[in-house]
Amino acid sequence: MDSSPFPSNSDVGNEKVTEPESDAANKRKDVQEDSGATSKPPKTKKPSQRSFVWDHYTRFEDNPKRCKCNYCHRTYGCDSKDGTSNLKNHLRICKHYQAWSQKAKQTVFNNQGHLQSGKVNLYAPHSRRTCMKDIVKMYVGMKASLKTWIATTNPRVSLTTDIWTAKATVASYMVITAHFVDSAWKLRKLIIGFKYITDHKGATIARILLECLAECGIEKIFTITVDNETTNTSALKKFQETFSLRSNEAFVLEGEGMHVRCAAHIINLIVKEGLVELGDHVAAIRNSVQYVRSSTSRCDSFDQKVVSGKMTRGSLPLDIKTRWNSTYLMLKRAMEFRLAFDKMEAEDKLYNDYFNEVDDGKARSGHLQELIGMQSRVASYKCYGEIVTIETNLVSLGNNFDRDLKIKAKAMLGKFVKYWDGTRNINVYLIVASVFDPRKKMQFANMCFAKLYGKDTTDAKEMAEKVNNVLTSLFKEYSSRFQKTSSGSGPSSQSTQTSITASQGEPSDLMSDSMGYERMDFAYKELVDEIGVDDGRDELDVYLKEKVENPKTIIGLEWEVLSWWKLNCGRFPVLSAITKDVLAMQVSSVASESAFSNSGRVIEPHRSCLTHYMVKVLLCTEQWMKNVNHLGNKSVVTIKELLADIVELDNIEKEFDGNSA
């Protein structure tokens with residue numbers, strides 16, 4: 001007999017119901033089988049599933065009163081006494097069901113190019129919490145990779161930092177950006193910190209810098225570029241005192257020249273000093289440009305004036321008031337279209353009425369005036385030449401016959417001397433960077449000294465001697481570290497070097513003659529191994545005494561200094577290590593300020609409840625994703641890899657030709 005607690009079909013057909021013994025008892029008697037077995041449990045009725053919702057839900061076998069959504073897998077009660085209203089309500093708000101229903105209604109193209117009903121795999125919607133978790137997970141993973149790379153390579157970086165206050169939340173943030181030249185001789189930039197700060201004191205800035213470097217594992221610093229606030233000077237002094245205790249290689253030359261003042265800020269102050277009385281004239285040009293750019297019809301009218309005046313057409317940019325370089329570009333283009341503006345003033349009544357309107361309680365200015373402006377895009381090896389150019393021209397304009405121009409030039413020169421003291425207080429690394437330009441070397445620096453202080457004067461000789469001393473000190477320090485690195489590699493490096501020499505040298509059967517005759521090439525090799533061949537000069541002397549490079553480049557293309565050093569790093573291994581650090585130095589804090597443009601779009605009045613940690617996560621992750629680092633990629637492609645690529649391309653071409661045939 002089957003041991004199952006539930007009866008089979010044959011058993012149900014042979015059941016025998018006994019008659020009740022007494023009607024008065026009115027009790028239900030147990031139904032017994034012919035075989036005399038115990039009573040059978042009552043048969044449960046299966047719940048009906050007539051509603052359409054059961055096409056989208058599935059009951060649990062162990063608990064029929066609970067079911068789950070087929071799309072989001074959430075569970076709900078589904079007892080027959082309660083109805084299916086809760087299940088219908090869930091379908092109205094279930095995003096996964098809505099996405100599925102949209103797929104079902106779409107039409108797609110089949111293989112023959114005809115439309116037919118079908119489903120398109122659309123993006124599955126996620127909640128904001130899921131997005132937040134994914135972004136934080138991405139940030140944590142990328143930061144861990146960054147720390148691993150820093151721990152492996154231990155690079156020396158140059159930093160830029162600045163502080164920004166969000167208008168929407170009035171919260172202050174400090175951004176720290178690291179700059180370095182990678183193994184492929186490409187200048188890289190990474191935001192390593194975006195920290196919330198409570199105040200702008202020097203102690204707070206120093207503490208944030210130390211915390212950020214400790215989080216990333218950075219142990220070696222070359223320079224730190226900041227603006228001209230006095231708190232930054234005290235902050236860097238405290239930072240230098242604390243960070244120098246971490247290791248002997250924390251700074252170069254014991255931190256001399258670590259503090260770099262932002263050259264763009266100083267030039268900005270100099271320009272503002274010259275424009276302090278010309279604000280109305282600049283505003284007049286700004287208003288004229290703003291009028292032309294305000295509508296399409298005005299732009300078309302201005303283009304007609306440009307064509308009738310036989311001028312070269314071009315864009316007319318509007319400046320940003322807080323960026324003097326954009327003001328320079330606006331003024332420069334406005335001067336080129338001055339004739340067109342004169343025609344607008346003579347022929348366009350609306351143009352004249354525009355300047356009669358009152359703006360902020362004052363009438364608009366409206367006549368173009370000529371203006372002196374200086375602007376150049378600088379890099380570490382270009383900066384010193386630009387600074388000397390500014391000073392020499394200001395000195396020359398200070399002796400001009402035009403009285404107004406003379407006064408302006410002297411005022412700007414006074415501001416220049418205040419910060420740079422005739423280039424005496426300039427960071428010496430800016431001059432060193434120009435020396436590492438193979439087109440200039442010391443010849444350019446000596447020419448600048450002669451222009452500023454006079455040829456063969458005591459001041460010029462002192463400046464040249466100062467630069468030479470710094471170069472010598474840098475070379476000695478990097479040479480000692482280079483030797484420690486080479487000797488610290490141990491026997492493995494020696495065995496590697498031996499194997500390389502054996503593989504690249506002459507074959508073993510040519511080292512000695514089988515007949516026992518002496519070979520001159522083998523005898524000379526032994527002589528070189530014993531006494532060596534040395535001309536008595538170090539890398540620095542060889543580099544400085546060689547002729548300067550005079551490359552011929554295509555018009556519009558700039559000669560790459562890093563590319564030259566990449567090709568010659570084998571000749572100058574120590575100097576190339578110095579060059580990587582010197583050319584990675586930043587002469588302005590614009591790199592850090594550029595992060596604030598993105599942060600202004602992240603923190604806005606309609607999105608001002610983000611936590612400080614989430615703001616840091618968003619900005620750092622975005623910059624890391626946009627920056628193409630290739631930190632883990634190999635910088636050298638071998639011949640075998642090139643041949644493999646050629647073979648692969650040939651195979652693809654043959655396959656394509658076969659399919660075409």
# chains A, B, ... in the order shown; residues from 1 in each chain; ligands from 1

call {"tool": "residues_around", "arguments": {"residues": "region 563-572 of chain A", "least_positions_apart": "6", "cutoff": "10 Å", "atoms": "only C-alpha atoms", "output": "PyMOL selection string"}}
result
chain A and resi 183-186+436-438+538-540+542-543+549+578-580

call {"tool": "residues_around", "arguments": {"residues": "region 138-140 of chain A", "least_positions_apart": "2", "cutoff": "12 Å", "atoms": "only C-alpha atoms", "output": "list in words"}}
result
Cys131, Met132, Lys133, Asp134, Ile135, Val136, Met142, Lys143, Ala144, Ser145, Leu146, Lys147, Ile192, Tyr613, Met614, Val615, Lys616, Val617, Leu618, Leu619, Cys620, Thr621, Glu622, Gln623, Trp624 and Met625 of chain A

call {"tool": "residues_around", "arguments": {"residues": "region 87-99 of chain A", "least_positions_apart": "2", "cutoff": "7 Å", "atoms": "only C-alpha atoms", "output": "list in words"}}
result
Val53, Tyr71, Cys72, Thr84, Ser85, Ser101, Gln102, Lys103 and Pro125 of chain A

call {"tool": "residues_around", "arguments": {"residues": "Asn446 (chain A)", "least_positions_apart": "2", "cutoff": "9 Å", "atoms": "only C-alpha atoms", "output": "list of chain:residue names"}}
result
A:Met442, A:Gln443, A:Phe444, A:Cys448, A:Phe449, A:Ala450, A:Lys451, A:Lys455, A:Ala460, A:Lys461, A:Met463, A:Ala464

call {"tool": "atom_distance", "arguments": {"atom1": "CA of Lys201 (chain A)", "atom2": "CA of Ile270 (chain A)"}}
result
26.2 Å

call {"tool": "atom_distance", "arguments": {"atom1": "CA of Ala235 (chain A)", "atom2": "CA of Phe251 (chain A)"}}
result
16.2 Å

call {"tool": "closest_residue", "arguments": {"among": "A:Lys237, A:Lys418, A:Lys343, A:Lys440", "to": "Tyr384 (chain A)", "atoms": "only C-alpha atoms"}}
result
A:Lys440

call {"tool": "residues_around", "arguments": {"residues": "Lys220 (chain A)", "least_positions_apart": "6", "cutoff": "7 Å", "atoms": "only C-alpha atoms", "output": "tab-separated table (two decimals) with C-alpha atoms, in the first residue's frame"}}
result
chain	number	residue	atom	x	y	z
A	155	PRO	CA	56.39	59.59	-8.34
A	156	ARG	CA	57.47	63.10	-7.40
A	157	VAL	CA	54.56	65.43	-8.15
A	249	GLU	CA	63.45	62.65	-0.16
A	250	ALA	CA	60.24	64.52	0.66
A	251	PHE	CA	61.56	67.72	-1.00

call {"tool": "closest_residue", "arguments": {"among": "A:Asp353, A:Asp82, A:Glu254, A:Glu546", "to": "Arg439 (chain A)", "atoms": "only C-alpha atoms"}}
result
A:Glu546

call {"tool": "residues_around", "arguments": {"residues": "Lys81 (chain A)", "least_positions_apart": "5", "cutoff": "12 Å", "atoms": "only C-alpha atoms", "output": "PyMOL selection string"}}
result
chain A and resi 47-48+65

call {"tool": "write_last_selection", "arguments": {"atoms": "N, CA and C atoms", "output": "short mmCIF file (atom, residue, chain, number, x, y, z; two decimals), in the first residue's frame"}}
result
data_model
loop_
_atom_site.label_atom_id
_atom_site.label_comp_id
_atom_site.auth_asym_id
_atom_site.auth_seq_id
_atom_site.Cartn_x
_atom_site.Cartn_y
_atom_site.Cartn_z
N PRO A 47 -7.03 28.30 -5.08
CA PRO A 47 -7.56 29.66 -5.32
C PRO A 47 -7.69 29.93 -6.82
N SER A 48 -8.76 30.61 -7.16
CA SER A 48 -8.97 30.95 -8.57
C SER A 48 -8.04 32.09 -8.98
N LYS A 65 -0.87 32.30 0.01
CA LYS A 65 -1.40 33.62 0.35
C LYS A 65 -0.40 34.75 0.10
#

call {"tool": "closest_residue", "arguments": {"among": "A:Gln49, A:Leu474, A:Trp100, A:Phe180", "to": "Asp79 (chain A)", "atoms": "only C-alpha atoms"}}
result
A:Gln49

call {"tool": "atom_distance", "arguments": {"atom1": "CA of Asn154 (chain A)", "atom2": "CA of Gly217 (chain A)"}}
result
8.4 Å
